[in-house]
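As structure tokens, the structure follows; a few thoughts come after it.
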Amino acid sequence: MMTTQTFNQSIPLDEMFARVWNLGHLTRAERQTLKSVVLSNSLSSEDEDVLNRIFHAVRRGWLKISD
């Protein structure tokens, strides 16, 4: 049985990327975190790069979106 870890904005996006890349999917909690980060309008250029990598991986089918 797989456990789901809840993320918040205090977790660096690069750590989130490493986790979702290793697991191959984004959970609902991770998507919620990404949504709130994007809406915060306070992204560093490094965070923008990480978000772009995540979105690119989803578009290419390398990361799946799960419930």
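As shown in the structure tokens, the chain order sets the letters A, B, ...; within each chain, residues go from 1, and ligands are also counted from 1 in the order they appear.
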### Message
Among chain A, which residues does DSSP mark as helix (DSSP H, G or I) when it is run on the backbone? Keep the chain and numbering as in the structure and answer as a ChimeraX atom specification.
### Response
/A:13-23,28-39,45-60
### Message
At a cut-off of 10 Å, using only C-alpha atoms, what residues contact range 19-22 of chain A? Leave out same-chain residues fewer than 5 positions from it and give the result as a PyMOL selection string.
### Response
chain A and resi 13-14+27+30+54+57+62-64
### Between CA of Leu34 in chain A and CA of Leu51 in chain A - distance in Å to one decimal
7.8 Å
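If only C-alpha atoms are the atoms counted, then among A:Val50, A:Ala29, A:Ile65, A:Val37 the closest residue to Phe17 in chain A is A:Val50.
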#### Entry: Point-to-point distance from CA of Ser45 in chain A to CA of Leu26 in chain A, Å rounded to tenths
21.9 Å
### Task
List every residue of chain A that DSSP, applied to the backbone of this structure, assigns to strand (DSSP E or B), and report them as a ChimeraX atom specification.
/A:25-26,64-65
Could you save those same residues with all heavy atoms as a tab-separated table (two decimals), in the first residue's frame?
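Saved to selection-v8.tsv:
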chain	number	residue	atom	x	y	z
A	25	HIS	N	4.63	10.10	-10.75
A	25	HIS	CA	3.30	10.70	-10.76
A	25	HIS	C	3.18	11.84	-9.77
A	25	HIS	O	3.95	11.93	-8.82
A	25	HIS	CB	2.22	9.66	-10.48
A	25	HIS	CG	2.32	9.05	-9.11
A	25	HIS	ND1	1.71	9.60	-8.01
A	25	HIS	CD2	2.97	7.95	-8.67
A	25	HIS	CE1	1.98	8.86	-6.95
A	25	HIS	NE2	2.75	7.85	-7.33
A	26	LEU	N	2.20	12.70	-10.03
A	26	LEU	CA	1.86	13.81	-9.13
A	26	LEU	C	0.58	13.47	-8.39
A	26	LEU	O	-0.40	13.06	-9.01
A	26	LEU	CB	1.59	15.10	-9.94
A	26	LEU	CG	2.77	15.85	-10.49
A	26	LEU	CD1	2.30	16.86	-11.52
A	26	LEU	CD2	3.52	16.54	-9.39
A	64	LYS	N	2.76	11.05	-14.61
A	64	LYS	CA	1.32	10.88	-14.64
A	64	LYS	C	0.67	11.70	-13.54
A	64	LYS	O	1.31	12.06	-12.55
A	64	LYS	CB	0.95	9.39	-14.43
A	64	LYS	CG	1.59	8.46	-15.42
A	64	LYS	CD	1.10	8.73	-16.82
A	64	LYS	CE	1.78	7.74	-17.79
A	64	LYS	NZ	1.75	8.21	-19.14
A	65	ILE	N	-0.60	11.97	-13.72
A	65	ILE	CA	-1.37	12.70	-12.70
A	65	ILE	C	-2.30	11.68	-12.06
A	65	ILE	O	-3.10	11.05	-12.73
A	65	ILE	CB	-2.16	13.86	-13.33
A	65	ILE	CG1	-1.17	14.86	-13.91
A	65	ILE	CG2	-3.06	14.51	-12.31
A	65	ILE	CD1	-1.80	16.00	-14.66
### Query
Distance CA of Ile11 in chain A-CA of Arg60 in chain A, one decimal place?
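Between CA of Ile11 in chain A and CA of Arg60 in chain A the gap works out to 24.9 Å.
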